[in-house]
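Raw entry-v1.pdb, PDB, C-alpha atoms, pLDDT in the B column:
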```pdb
ATOM      1  CA  ALA A   1     -17.983 -18.224  11.345  1.00 76.00           C
ATOM      2  CA  THR A   2     -17.390 -16.492  14.650  1.00 84.00           C
ATOM      3  CA  ILE A   3     -16.955 -12.717  14.477  1.00 91.00           C
ATOM      4  CA  ILE A   4     -15.056 -11.062  17.313  1.00 91.00           C
ATOM      5  CA  HIS A   5     -15.604  -7.320  17.627  1.00 94.00           C
ATOM      6  CA  VAL A   6     -12.885  -4.983  18.905  1.00 94.00           C
ATOM      7  CA  THR A   7     -12.953  -1.336  19.899  1.00 94.00           C
ATOM      8  CA  ALA A   8     -11.000   1.404  18.120  1.00 87.00           C
ATOM      9  CA  GLU A   9      -8.538   1.404  21.007  1.00 91.00           C
ATOM     10  CA  GLU A  10      -8.110  -2.380  20.859  1.00 92.00           C
ATOM     11  CA  TYR A  11      -7.610  -2.203  17.093  1.00 88.00           C
ATOM     12  CA  LYS A  12      -4.297  -0.436  17.663  1.00 83.00           C
ATOM     13  CA  ASN A  13      -3.009  -3.806  18.898  1.00 89.00           C
ATOM     14  CA  ILE A  14      -4.930  -5.948  16.415  1.00 90.00           C
ATOM     15  CA  GLY A  15      -1.864  -8.011  15.531  1.00 87.00           C
ATOM     16  CA  GLU A  16      -1.405  -9.097  19.131  1.00 92.00           C
ATOM     17  CA  ILE A  17      -5.117  -9.811  19.531  1.00 94.00           C
ATOM     18  CA  MET A  18      -5.155 -12.004  16.414  1.00 94.00           C
ATOM     19  CA  ALA A  19      -2.058 -13.872  17.613  1.00 93.00           C
ATOM     20  CA  GLU A  20      -3.673 -14.488  21.005  1.00 95.00           C
ATOM     21  CA  LYS A  21      -6.884 -15.769  19.417  1.00 94.00           C
ATOM     22  CA  SER A  22      -4.888 -17.965  17.050  1.00 94.00           C
ATOM     23  CA  ALA A  23      -3.035 -19.516  19.991  1.00 96.00           C
ATOM     24  CA  GLU A  24      -6.315 -19.996  21.847  1.00 95.00           C
ATOM     25  CA  PHE A  25      -7.923 -21.849  18.931  1.00 93.00           C
ATOM     26  CA  SER A  26      -4.750 -23.865  18.344  1.00 96.00           C
ATOM     27  CA  ARG A  27      -4.855 -25.100  21.925  1.00 97.00           C
ATOM     28  CA  ALA A  28      -8.426 -26.204  21.241  1.00 95.00           C
ATOM     29  CA  GLY A  29      -7.179 -28.376  18.385  1.00 96.00           C
ATOM     30  CA  LYS A  30      -7.956 -26.029  15.503  1.00 94.00           C
ATOM     31  CA  LYS A  31      -5.546 -25.569  12.590  1.00 94.00           C
ATOM     32  CA  MET A  32      -4.949 -21.836  12.343  1.00 93.00           C
ATOM     33  CA  TYR A  33      -3.627 -19.463   9.697  1.00 92.00           C
ATOM     34  CA  VAL A  34      -3.656 -15.742  10.495  1.00 92.00           C
ATOM     35  CA  ILE A  35      -4.254 -13.347   7.609  1.00 93.00           C
ATOM     36  CA  PRO A  36      -3.158  -9.898   8.810  1.00 91.00           C
ATOM     37  CA  GLU A  37      -4.688  -6.585   7.856  1.00 88.00           C
ATOM     38  CA  GLY A  38      -4.408  -6.192   4.093  1.00 90.00           C
ATOM     39  CA  GLY A  39      -2.618  -9.530   3.813  1.00 92.00           C
ATOM     40  CA  SER A  40       0.479  -7.488   4.601  1.00 96.00           C
ATOM     41  CA  ASN A  41       3.131  -9.932   5.751  1.00 96.00           C
ATOM     42  CA  GLU A  42       6.160 -11.751   4.351  1.00 97.00           C
ATOM     43  CA  THR A  43       3.964 -14.228   2.442  1.00 95.00           C
ATOM     44  CA  GLY A  44       1.610 -11.630   0.991  1.00 96.00           C
ATOM     45  CA  SER A  45       4.533  -9.497  -0.176  1.00 97.00           C
ATOM     46  CA  TRP A  46       5.290 -12.059  -2.909  1.00 98.00           C
ATOM     47  CA  GLY A  47       2.316 -10.721  -4.879  1.00 97.00           C
ATOM     48  CA  TYR A  48       3.694  -7.239  -5.383  1.00 98.00           C
ATOM     49  CA  CYS A  49       7.234  -8.558  -5.650  1.00 98.00           C
ATOM     50  CA  GLN A  50       6.039 -10.394  -8.763  1.00 98.00           C
ATOM     51  CA  CYS A  51       4.120  -7.277  -9.823  1.00 98.00           C
ATOM     52  CA  PHE A  52       7.383  -5.326  -9.817  1.00 99.00           C
ATOM     53  CA  VAL A  53       9.162  -8.015 -11.851  1.00 98.00           C
ATOM     54  CA  GLU A  54       6.371  -7.988 -14.465  1.00 98.00           C
ATOM     55  CA  ALA A  55       6.159  -4.190 -14.565  1.00 98.00           C
ATOM     56  CA  GLU A  56       9.903  -3.778 -14.987  1.00 98.00           C
ATOM     57  CA  ALA A  57       9.916  -6.334 -17.818  1.00 98.00           C
ATOM     58  CA  GLN A  58       7.194  -4.374 -19.640  1.00 98.00           C
ATOM     59  CA  ILE A  59       8.976  -1.081 -18.998  1.00 98.00           C
ATOM     60  CA  LYS A  60      12.176  -2.454 -20.501  1.00 97.00           C
ATOM     61  CA  ALA A  61      10.417  -4.124 -23.432  1.00 98.00           C
ATOM     62  CA  ASP A  62       8.586  -0.919 -24.373  1.00 98.00           C
ATOM     63  CA  LYS A  63      11.609   1.277 -23.599  1.00 98.00           C
ATOM     64  CA  MET A  64       9.561   3.482 -21.264  1.00 98.00           C
ATOM     65  CA  PRO A  65      11.634   6.020 -19.293  1.00 98.00           C
ATOM     66  CA  ILE A  66       9.980   5.184 -15.958  1.00 99.00           C
ATOM     67  CA  GLU A  67      12.047   6.409 -13.018  1.00 99.00           C
ATOM     68  CA  ALA A  68       9.742   5.571 -10.104  1.00 99.00           C
ATOM     69  CA  ILE A  69       6.631   3.627  -9.127  1.00 99.00           C
ATOM     70  CA  ALA A  70       4.037   5.205  -6.826  1.00 99.00           C
ATOM     71  CA  VAL A  71       1.292   3.456  -4.849  1.00 99.00           C
ATOM     72  CA  ALA A  72      -1.087   4.017  -1.952  1.00 98.00           C
ATOM     73  CA  SER A  73      -0.070   2.643   1.450  1.00 98.00           C
ATOM     74  CA  GLY A  74      -2.837   1.329   3.689  1.00 96.00           C
ATOM     75  CA  SER A  75      -1.143  -1.555   5.482  1.00 95.00           C
ATOM     76  CA  GLY A  76       2.383  -1.605   4.005  1.00 97.00           C
ATOM     77  CA  GLY A  77       2.345  -4.863   2.057  1.00 97.00           C
ATOM     78  CA  THR A  78       2.148  -3.354  -1.430  1.00 98.00           C
ATOM     79  CA  HIS A  79       5.102  -1.041  -0.838  1.00 99.00           C
ATOM     80  CA  ALA A  80       7.097  -3.814   0.848  1.00 98.00           C
ATOM     81  CA  GLY A  81       6.493  -6.249  -2.010  1.00 99.00           C
ATOM     82  CA  LEU A  82       7.482  -3.730  -4.683  1.00 99.00           C
ATOM     83  CA  LEU A  83      10.615  -2.825  -2.744  1.00 99.00           C
ATOM     84  CA  ILE A  84      11.531  -6.504  -2.400  1.00 99.00           C
ATOM     85  CA  GLY A  85      11.110  -6.889  -6.169  1.00 99.00           C
ATOM     86  CA  LYS A  86      13.312  -3.859  -6.783  1.00 98.00           C
ATOM     87  CA  LYS A  87      16.018  -5.210  -4.477  1.00 98.00           C
ATOM     88  CA  LEU A  88      15.975  -8.744  -5.882  1.00 98.00           C
ATOM     89  CA  THR A  89      16.229  -7.502  -9.476  1.00 97.00           C
ATOM     90  CA  GLU A  90      18.729  -4.754  -8.573  1.00 97.00           C
ATOM     91  CA  SER A  91      16.563  -2.290 -10.483  1.00 98.00           C
ATOM     92  CA  ASN A  92      17.183   1.454 -10.688  1.00 97.00           C
ATOM     93  CA  ILE A  93      13.450   2.189 -10.503  1.00 98.00           C
ATOM     94  CA  ASP A  94      12.553   3.858  -7.202  1.00 98.00           C
ATOM     95  CA  ILE A  95       9.502   2.996  -5.103  1.00 99.00           C
ATOM     96  CA  PHE A  96       7.490   5.458  -3.044  1.00 99.00           C
ATOM     97  CA  SER A  97       4.024   5.595  -1.563  1.00 99.00           C
ATOM     98  CA  ILE A  98       1.474   8.026  -0.201  1.00 99.00           C
ATOM     99  CA  ASN A  99      -0.050   6.814   3.058  1.00 98.00           C
ATOM    100  CA  VAL A 100      -3.841   6.915   3.454  1.00 97.00           C
ATOM    101  CA  CYS A 101      -3.806   6.310   7.223  1.00 95.00           C
ATOM    102  CA  ASP A 102      -1.383   6.521  10.160  1.00 93.00           C
ATOM    103  CA  ASP A 103       1.851   8.380   9.302  1.00 95.00           C
ATOM    104  CA  SER A 104       5.134   7.928   7.463  1.00 96.00           C
ATOM    105  CA  GLU A 105       7.015   6.743  10.552  1.00 96.00           C
ATOM    106  CA  TYR A 106       4.469   3.976  11.142  1.00 94.00           C
ATOM    107  CA  PHE A 107       4.811   2.720   7.578  1.00 97.00           C
ATOM    108  CA  LYS A 108       8.589   2.879   7.547  1.00 97.00           C
ATOM    109  CA  ASN A 109       8.634   0.622  10.605  1.00 96.00           C
ATOM    110  CA  LYS A 110       5.931  -1.671   9.177  1.00 96.00           C
ATOM    111  CA  ILE A 111       7.639  -2.080   5.798  1.00 98.00           C
ATOM    112  CA  SER A 112      11.029  -2.683   7.430  1.00 98.00           C
ATOM    113  CA  ALA A 113       9.449  -5.369   9.620  1.00 96.00           C
ATOM    114  CA  ILE A 114       7.798  -7.122   6.657  1.00 98.00           C
ATOM    115  CA  ILE A 115      11.090  -7.225   4.743  1.00 98.00           C
ATOM    116  CA  ALA A 116      12.935  -8.522   7.820  1.00 98.00           C
ATOM    117  CA  GLN A 117      10.316 -11.281   8.161  1.00 97.00           C
ATOM    118  CA  PHE A 118      10.678 -12.031   4.437  1.00 98.00           C
ATOM    119  CA  ASN A 119      14.427 -12.469   4.872  1.00 98.00           C
ATOM    120  CA  ARG A 120      13.996 -14.796   7.843  1.00 98.00           C
ATOM    121  CA  LYS A 121      11.309 -16.967   6.284  1.00 98.00           C
ATOM    122  CA  TYR A 122      12.741 -17.301   2.777  1.00 98.00           C
ATOM    123  CA  GLY A 123      16.468 -17.050   3.420  1.00 98.00           C
ATOM    124  CA  TYR A 124      17.136 -13.782   1.601  1.00 98.00           C
ATOM    125  CA  ARG A 125      19.525 -11.062   2.750  1.00 97.00           C
ATOM    126  CA  ILE A 126      17.857  -7.928   1.484  1.00 98.00           C
ATOM    127  CA  GLN A 127      19.564  -4.895   2.989  1.00 96.00           C
ATOM    128  CA  LEU A 128      17.777  -1.572   3.315  1.00 96.00           C
ATOM    129  CA  ASP A 129      19.774   1.619   2.981  1.00 93.00           C
ATOM    130  CA  PRO A 130      18.746   4.925   4.574  1.00 89.00           C
ATOM    131  CA  GLY A 131      16.151   6.495   2.329  1.00 92.00           C
ATOM    132  CA  ASP A 132      15.084   3.232   0.658  1.00 97.00           C
ATOM    133  CA  ILE A 133      11.612   3.478   2.182  1.00 98.00           C
ATOM    134  CA  ALA A 134      10.078   6.691   0.851  1.00 98.00           C
ATOM    135  CA  ILE A 135       6.668   7.654   2.242  1.00 98.00           C
ATOM    136  CA  TYR A 136       5.003  10.983   1.490  1.00 98.00           C
ATOM    137  CA  ASP A 137       2.802  12.032   4.381  1.00 96.00           C
ATOM    138  CA  GLY A 138       0.059  14.618   4.636  1.00 95.00           C
ATOM    139  CA  TYR A 139      -2.761  13.238   2.491  1.00 96.00           C
ATOM    140  CA  VAL A 140      -4.778  11.197   4.999  1.00 96.00           C
ATOM    141  CA  GLY A 141      -7.349  13.995   5.065  1.00 92.00           C
ATOM    142  CA  GLY A 142     -10.065  13.530   7.672  1.00 92.00           C
ATOM    143  CA  GLY A 143      -8.876  10.008   8.431  1.00 92.00           C
ATOM    144  CA  TYR A 144      -8.852   6.502   7.008  1.00 91.00           C
ATOM    145  CA  GLY A 145     -11.935   5.923   4.862  1.00 89.00           C
ATOM    146  CA  ILE A 146     -13.163   9.491   5.329  1.00 92.00           C
ATOM    147  CA  THR A 147     -13.721  11.102   1.947  1.00 93.00           C
ATOM    148  CA  GLY A 148     -13.438  14.855   1.470  1.00 93.00           C
ATOM    149  CA  SER A 149     -14.536  17.164  -1.333  1.00 94.00           C
ATOM    150  CA  LYS A 150     -11.079  17.092  -2.945  1.00 95.00           C
ATOM    151  CA  GLU A 151     -11.180  13.313  -3.324  1.00 95.00           C
ATOM    152  CA  VAL A 152     -14.725  13.438  -4.730  1.00 95.00           C
ATOM    153  CA  GLU A 153     -13.777  16.064  -7.311  1.00 96.00           C
ATOM    154  CA  LEU A 154     -10.657  14.111  -8.315  1.00 96.00           C
ATOM    155  CA  ILE A 155     -12.657  10.900  -8.801  1.00 95.00           C
ATOM    156  CA  ARG A 156     -15.171  12.740 -10.994  1.00 94.00           C
ATOM    157  CA  ARG A 157     -12.457  14.481 -13.008  1.00 96.00           C
ATOM    158  CA  PHE A 158     -10.479  11.275 -13.491  1.00 95.00           C
ATOM    159  CA  ILE A 159     -13.530   9.430 -14.803  1.00 93.00           C
ATOM    160  CA  ARG A 160     -14.284  12.261 -17.253  1.00 94.00           C
ATOM    161  CA  GLN A 161     -10.720  12.661 -18.489  1.00 96.00           C
ATOM    162  CA  GLU A 162      -9.295   9.137 -18.340  1.00 96.00           C
ATOM    163  CA  GLY A 163     -12.238   6.744 -18.059  1.00 95.00           C
ATOM    164  CA  ILE A 164     -10.579   5.255 -14.958  1.00 95.00           C
ATOM    165  CA  VAL A 165     -12.367   4.978 -11.618  1.00 94.00           C
ATOM    166  CA  LEU A 166     -10.327   5.796  -8.526  1.00 96.00           C
ATOM    167  CA  ASP A 167     -11.664   4.698  -5.155  1.00 95.00           C
ATOM    168  CA  PRO A 168     -12.248   7.122  -2.255  1.00 94.00           C
ATOM    169  CA  VAL A 169     -10.267   5.197   0.374  1.00 94.00           C
ATOM    170  CA  TYR A 170      -6.944   4.402  -1.326  1.00 96.00           C
ATOM    171  CA  THR A 171      -6.190   5.443  -4.898  1.00 97.00           C
ATOM    172  CA  ALA A 172      -7.956   8.818  -4.876  1.00 97.00           C
ATOM    173  CA  LYS A 173      -6.074   9.991  -1.789  1.00 97.00           C
ATOM    174  CA  ALA A 174      -2.788   8.649  -3.118  1.00 98.00           C
ATOM    175  CA  PHE A 175      -3.234  10.195  -6.574  1.00 98.00           C
ATOM    176  CA  LEU A 176      -4.326  13.480  -5.025  1.00 98.00           C
ATOM    177  CA  GLY A 177      -1.075  13.411  -3.076  1.00 98.00           C
ATOM    178  CA  LEU A 178       0.906  12.527  -6.192  1.00 98.00           C
ATOM    179  CA  GLU A 179      -0.579  15.436  -8.149  1.00 98.00           C
ATOM    180  CA  ASN A 180       0.148  17.793  -5.277  1.00 98.00           C
ATOM    181  CA  LEU A 181       3.749  16.615  -4.958  1.00 98.00           C
ATOM    182  CA  ILE A 182       4.269  17.071  -8.705  1.00 98.00           C
ATOM    183  CA  ASP A 183       2.691  20.545  -8.702  1.00 97.00           C
ATOM    184  CA  GLN A 184       4.944  21.583  -5.812  1.00 97.00           C
ATOM    185  CA  HIS A 185       8.042  20.137  -7.531  1.00 97.00           C
ATOM    186  CA  LYS A 186       8.769  17.900  -4.546  1.00 97.00           C
ATOM    187  CA  LEU A 187       9.571  14.795  -6.599  1.00 98.00           C
ATOM    188  CA  PRO A 188      12.917  14.263  -8.370  1.00 96.00           C
ATOM    189  CA  TYR A 189      11.277  12.358 -11.256  1.00 98.00           C
ATOM    190  CA  LYS A 190       9.878  13.207 -14.685  1.00 97.00           C
ATOM    191  CA  ASN A 191       8.260   9.843 -15.438  1.00 98.00           C
ATOM    192  CA  ILE A 192       6.291   8.041 -12.721  1.00 99.00           C
ATOM    193  CA  LEU A 193       4.190   4.888 -12.965  1.00 99.00           C
ATOM    194  CA  PHE A 194       1.184   5.043 -10.623  1.00 99.00           C
ATOM    195  CA  ILE A 195      -0.223   1.594  -9.889  1.00 98.00           C
ATOM    196  CA  HIS A 196      -3.979   1.453  -9.316  1.00 98.00           C
ATOM    197  CA  THR A 197      -4.241  -1.010  -6.432  1.00 95.00           C
ATOM    198  CA  GLY A 198      -8.012  -1.490  -6.520  1.00 91.00           C
ATOM    199  CA  GLY A 199     -10.523  -0.689  -3.814  1.00 88.00           C
ATOM    200  CA  LEU A 200     -13.389   0.119  -6.178  1.00 86.00           C
ATOM    201  CA  PHE A 201     -15.959  -1.438  -3.848  1.00 88.00           C
ATOM    202  CA  GLY A 202     -15.256   1.491  -1.540  1.00 87.00           C
ATOM    203  CA  ILE A 203     -17.308   3.606  -3.967  1.00 89.00           C
ATOM    204  CA  PHE A 204     -20.606   1.899  -3.137  1.00 88.00           C
ATOM    205  CA  PRO A 205     -20.917   2.788   0.583  1.00 89.00           C
ATOM    206  CA  GLN A 206     -20.270   6.422  -0.372  1.00 86.00           C
ATOM    207  CA  SER A 207     -22.289   6.503  -3.594  1.00 86.00           C
ATOM    208  CA  GLN A 208     -24.352   9.454  -2.335  1.00 88.00           C
ATOM    209  CA  LEU A 209     -21.256  11.635  -2.737  1.00 86.00           C
ATOM    210  CA  PHE A 210     -21.315  11.077  -6.495  1.00 82.00           C
ATOM    211  CA  GLU A 211     -25.004  11.670  -7.214  1.00 79.00           C
TER
END
```

Encoding of this model in structure tokens:
Amino acid sequence: ATIIHVTAEEYKNIGEIMAEKSAEFSRAGKKMYVIPEGGSNETGSWGYCQCFVEAEAQIKADKMPIEAIAVASGSGGTHAGLLIGKKLTESNIDIFSINVCDDSEYFKNKISAIIAQFNRKYGYRIQLDPGDIAIYDGYVGGGYGITGSKEVELIRRFIRQEGIVLDPVYTAKAFLGLENLIDQHKLPYKNILFIHTGGLFGIFPQSQLFE
């Protein structure tokens, strides 16, 4: 494999760089398929679209009074897929996320773009209303992948109380945000389903924080 390194400044335009490299290799006779950051595109969104369909079926079967689903947003695909599932099933369950990098405006644009691409590629006509994309900002902390004392304490507490391991990059920051929003009465819901989206391998590079 050939690894191409980019600077932090170049990474801001990583989509364009990947497209350029794909075109370059295609001209050389290679068959290319670009997997974007986080697999977050119209194809990848099918995964969490199906996740929503399965979750809603379980919620209905068990008569759980779930009003909203919350997730972490790192590249937008999870939120986009869940929102597509909600729209296609015409569900009353709301979707919102807590971003772990960038800001809410970035993710609103990214999620809108993924859904627009989904419509074009698969022939759907999903319409987004104002307020459909709900992102709660303010919990990025020191930056993407930078773990603070609050995240460390939450991970420890969650393991002790629930036996569930949150990761320092995604789920810990998102759940910390969710707890804060609940404590400050900023959410119009009584029953929220938080989906643990993985990321456990992020624990190992920062294992010294948990010794």

task = May I ask which of the residues A:Gly138, A:Gly145, A:Gly47, A:Pro130 is the closest one to Leu178 (chain A), counting all atoms listed in the file?
result =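 Of all the options, A:Gly138 lies closest to Leu178 (chain A).
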
remark   = Between A:Tyr170, A:Phe158, A:Tyr139, A:Phe96, smallest distance to Ala68 (chain A) by all atoms listed in the file belongs to A:Phe96

ask   = Nearest to Cys101 (chain A) among A:Ile14, A:Tyr124, A:His79, A:Gly142, with distances taken over all atoms listed in the file: which residue is it?
value =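 Among A:Ile14, A:Tyr124, A:His79, A:Gly142, it is A:Gly142 that comes nearest to Cys101 (chain A).
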
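CA of His196 (chain A) is positioned 17.3 Å from CA of Val140 (chain A).
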
May I have the residues at most 10 Å from (14.8, -7.2, 6.2) in the file's coordinates, counting only C-alpha atoms, as a compact mmCIF listing (two decimals) with C-alpha atoms, keeping the file's coordinate frame?
```
# COMPACT_ATOMS: atom_id res chain seq x y z
CA GLU A 42 6.16 -11.75 4.35
CA ALA A 80 7.10 -3.81 0.85
CA ILE A 84 11.53 -6.50 -2.40
CA ILE A 111 7.64 -2.08 5.80
CA SER A 112 11.03 -2.68 7.43
CA ALA A 113 9.45 -5.37 9.62
CA ILE A 114 7.80 -7.12 6.66
CA ILE A 115 11.09 -7.22 4.74
CA ALA A 116 12.94 -8.52 7.82
CA GLN A 117 10.32 -11.28 8.16
CA PHE A 118 10.68 -12.03 4.44
CA ASN A 119 14.43 -12.47 4.87
CA ARG A 120 14.00 -14.80 7.84
CA TYR A 124 17.14 -13.78 1.60
CA ARG A 125 19.52 -11.06 2.75
CA ILE A 126 17.86 -7.93 1.48
CA GLN A 127 19.56 -4.89 2.99
CA LEU A 128 17.78 -1.57 3.32
```

query = With all atoms listed in the file as the basis for distance, which of A:Lys173, A:Lys186, A:His5, A:Lys21 is at the shortest distance from Leu154 (chain A)?
reply =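 Closest residue, counting all atoms listed in the file: A:Lys173.
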
inquiry  = Translate the PyMOL selection byres ((chain A and resi 52) around 8) into a concrete residue list for this structure, as a list in words.
reply    = Tyr48, Cys49, Gln50, Cys51, Val53, Glu54, Ala55, Glu56, Gly81, Leu82, Gly85 and Lys86 of chain A

task = Report the residues retrieved by the PyMOL selection byres ((chain A and resi 36) around 10) from the displayed file, expressed as a ChimeraX atom specification.
result = /A:14-15,18-19,33-35,37-41,44,75

Restricting the output to C-alpha atoms, write the selected residues as a PDB file, keeping the file's coordinate frame.
```pdb
ATOM      1  CA  ILE A  14      -4.930  -5.948  16.415  1.00 90.00           C
ATOM      2  CA  GLY A  15      -1.864  -8.011  15.531  1.00 87.00           C
ATOM      3  CA  MET A  18      -5.155 -12.004  16.414  1.00 94.00           C
ATOM      4  CA  ALA A  19      -2.058 -13.872  17.613  1.00 93.00           C
ATOM      5  CA  TYR A  33      -3.627 -19.463   9.697  1.00 92.00           C
ATOM      6  CA  VAL A  34      -3.656 -15.742  10.495  1.00 92.00           C
ATOM      7  CA  ILE A  35      -4.254 -13.347   7.609  1.00 93.00           C
ATOM      8  CA  GLU A  37      -4.688  -6.585   7.856  1.00 88.00           C
ATOM      9  CA  GLY A  38      -4.408  -6.192   4.093  1.00 90.00           C
ATOM     10  CA  GLY A  39      -2.618  -9.530   3.813  1.00 92.00           C
ATOM     11  CA  SER A  40       0.479  -7.488   4.601  1.00 96.00           C
ATOM     12  CA  ASN A  41       3.131  -9.932   5.751  1.00 96.00           C
ATOM     13  CA  GLY A  44       1.610 -11.630   0.991  1.00 96.00           C
ATOM     14  CA  SER A  75      -1.143  -1.555   5.482  1.00 95.00           C
TER      15      SER A  75
END
```

As a check of understanding, name the residues that the PyMOL selection byres ((chain A and resi 151-153) around 8) selects in the supplied structure, as a PDB file with C-alpha atoms, in the frame of the given file.
```
ATOM      1  CA  THR A 147     -13.721  11.102   1.947  1.00 93.00           C
ATOM      2  CA  GLY A 148     -13.438  14.855   1.470  1.00 93.00           C
ATOM      3  CA  SER A 149     -14.536  17.164  -1.333  1.00 94.00           C
ATOM      4  CA  LYS A 150     -11.079  17.092  -2.945  1.00 95.00           C
ATOM      5  CA  LEU A 154     -10.657  14.111  -8.315  1.00 96.00           C
ATOM      6  CA  ILE A 155     -12.657  10.900  -8.801  1.00 95.00           C
ATOM      7  CA  ARG A 156     -15.171  12.740 -10.994  1.00 94.00           C
ATOM      8  CA  ARG A 157     -12.457  14.481 -13.008  1.00 96.00           C
ATOM      9  CA  PRO A 168     -12.248   7.122  -2.255  1.00 94.00           C
ATOM     10  CA  ALA A 172      -7.956   8.818  -4.876  1.00 97.00           C
ATOM     11  CA  LYS A 173      -6.074   9.991  -1.789  1.00 97.00           C
ATOM     12  CA  LEU A 176      -4.326  13.480  -5.025  1.00 98.00           C
ATOM     13  CA  LEU A 209     -21.256  11.635  -2.737  1.00 86.00           C
ATOM     14  CA  PHE A 210     -21.315  11.077  -6.495  1.00 82.00           C
TER      15      PHE A 210
END
```

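The gap separating CA of Asp102 (chain A) from CA of Val6 (chain A) is 18.5 Å, in Å to one decimal.
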
message = Excluding Val71 (chain A) and its own-chain neighbours fewer than 3 positions away, which residues fall within 7 Å of it when counting all atoms listed in the file? Please give them as a PyMOL selection string.
response = chain A and resi 96-98+174+194-195

Take the residues that were just selected and, keeping C-alpha atoms, output them as a tab-separated table (two decimals), in the frame of the given file.
```
chain	number	residue	atom	x	y	z
A	96	PHE	CA	7.49	5.46	-3.04
A	97	SER	CA	4.02	5.60	-1.56
A	98	ILE	CA	1.47	8.03	-0.20
A	174	ALA	CA	-2.79	8.65	-3.12
A	194	PHE	CA	1.18	5.04	-10.62
A	195	ILE	CA	-0.22	1.59	-9.89
```

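Pairwise distance (CA of Glu105 (chain A), CA of Asp137 (chain A)) equals 9.2 Å.
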
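Distances to Gly198 (chain A) were evaluated for A:Ile133, A:Gly143, A:Ala57, A:Gly74 using only C-alpha atoms, and the minimum falls at A:Gly74.
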
Would it be fine to have region 112-129 of chain A, with N, CA and C atoms, given as a compact mmCIF listing (two decimals), in the first residue's frame?
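Generated output (result.txt):
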```txt
# COMPACT_ATOMS: atom_id res chain seq x y z
N SER A 112 -26.67 17.47 5.66
CA SER A 112 -27.54 17.87 4.54
C SER A 112 -26.98 17.38 3.22
N ALA A 113 -25.66 17.51 3.05
CA ALA A 113 -25.01 17.08 1.81
C ALA A 113 -25.11 15.58 1.61
N ILE A 114 -24.91 14.81 2.69
CA ILE A 114 -25.00 13.35 2.59
C ILE A 114 -26.41 12.93 2.18
N ILE A 115 -27.42 13.55 2.78
CA ILE A 115 -28.80 13.19 2.45
C ILE A 115 -29.15 13.60 1.02
N ALA A 116 -28.63 14.73 0.57
CA ALA A 116 -28.85 15.15 -0.82
C ALA A 116 -28.21 14.16 -1.79
N GLN A 117 -27.01 13.68 -1.46
CA GLN A 117 -26.33 12.68 -2.28
C GLN A 117 -27.10 11.36 -2.27
N PHE A 118 -27.66 11.01 -1.11
CA PHE A 118 -28.47 9.80 -0.97
C PHE A 118 -29.68 9.87 -1.90
N ASN A 119 -30.34 11.01 -1.90
CA ASN A 119 -31.50 11.20 -2.79
C ASN A 119 -31.11 11.03 -4.26
N ARG A 120 -30.02 11.66 -4.64
CA ARG A 120 -29.59 11.60 -6.05
C ARG A 120 -29.21 10.18 -6.47
N LYS A 121 -28.48 9.49 -5.62
CA LYS A 121 -27.97 8.17 -6.00
C LYS A 121 -29.05 7.10 -5.98
N TYR A 122 -29.97 7.18 -5.02
CA TYR A 122 -30.95 6.10 -4.84
C TYR A 122 -32.37 6.48 -5.23
N GLY A 123 -32.56 7.69 -5.72
CA GLY A 123 -33.87 8.07 -6.23
C GLY A 123 -34.91 8.42 -5.19
N TYR A 124 -34.48 8.75 -3.97
CA TYR A 124 -35.44 9.15 -2.94
C TYR A 124 -35.66 10.66 -2.99
N ARG A 125 -36.70 11.10 -2.29
CA ARG A 125 -37.01 12.53 -2.24
C ARG A 125 -37.19 12.98 -0.79
N ILE A 126 -36.22 12.65 0.01
CA ILE A 126 -36.28 13.03 1.42
C ILE A 126 -36.13 14.54 1.54
N GLN A 127 -37.10 15.15 2.19
CA GLN A 127 -37.09 16.60 2.39
C GLN A 127 -36.74 16.91 3.85
N LEU A 128 -35.84 17.85 4.04
CA LEU A 128 -35.47 18.26 5.39
C LEU A 128 -36.16 19.57 5.74
N ASP A 129 -36.81 19.58 6.88
CA ASP A 129 -37.45 20.79 7.38
C ASP A 129 -36.49 21.53 8.30
```
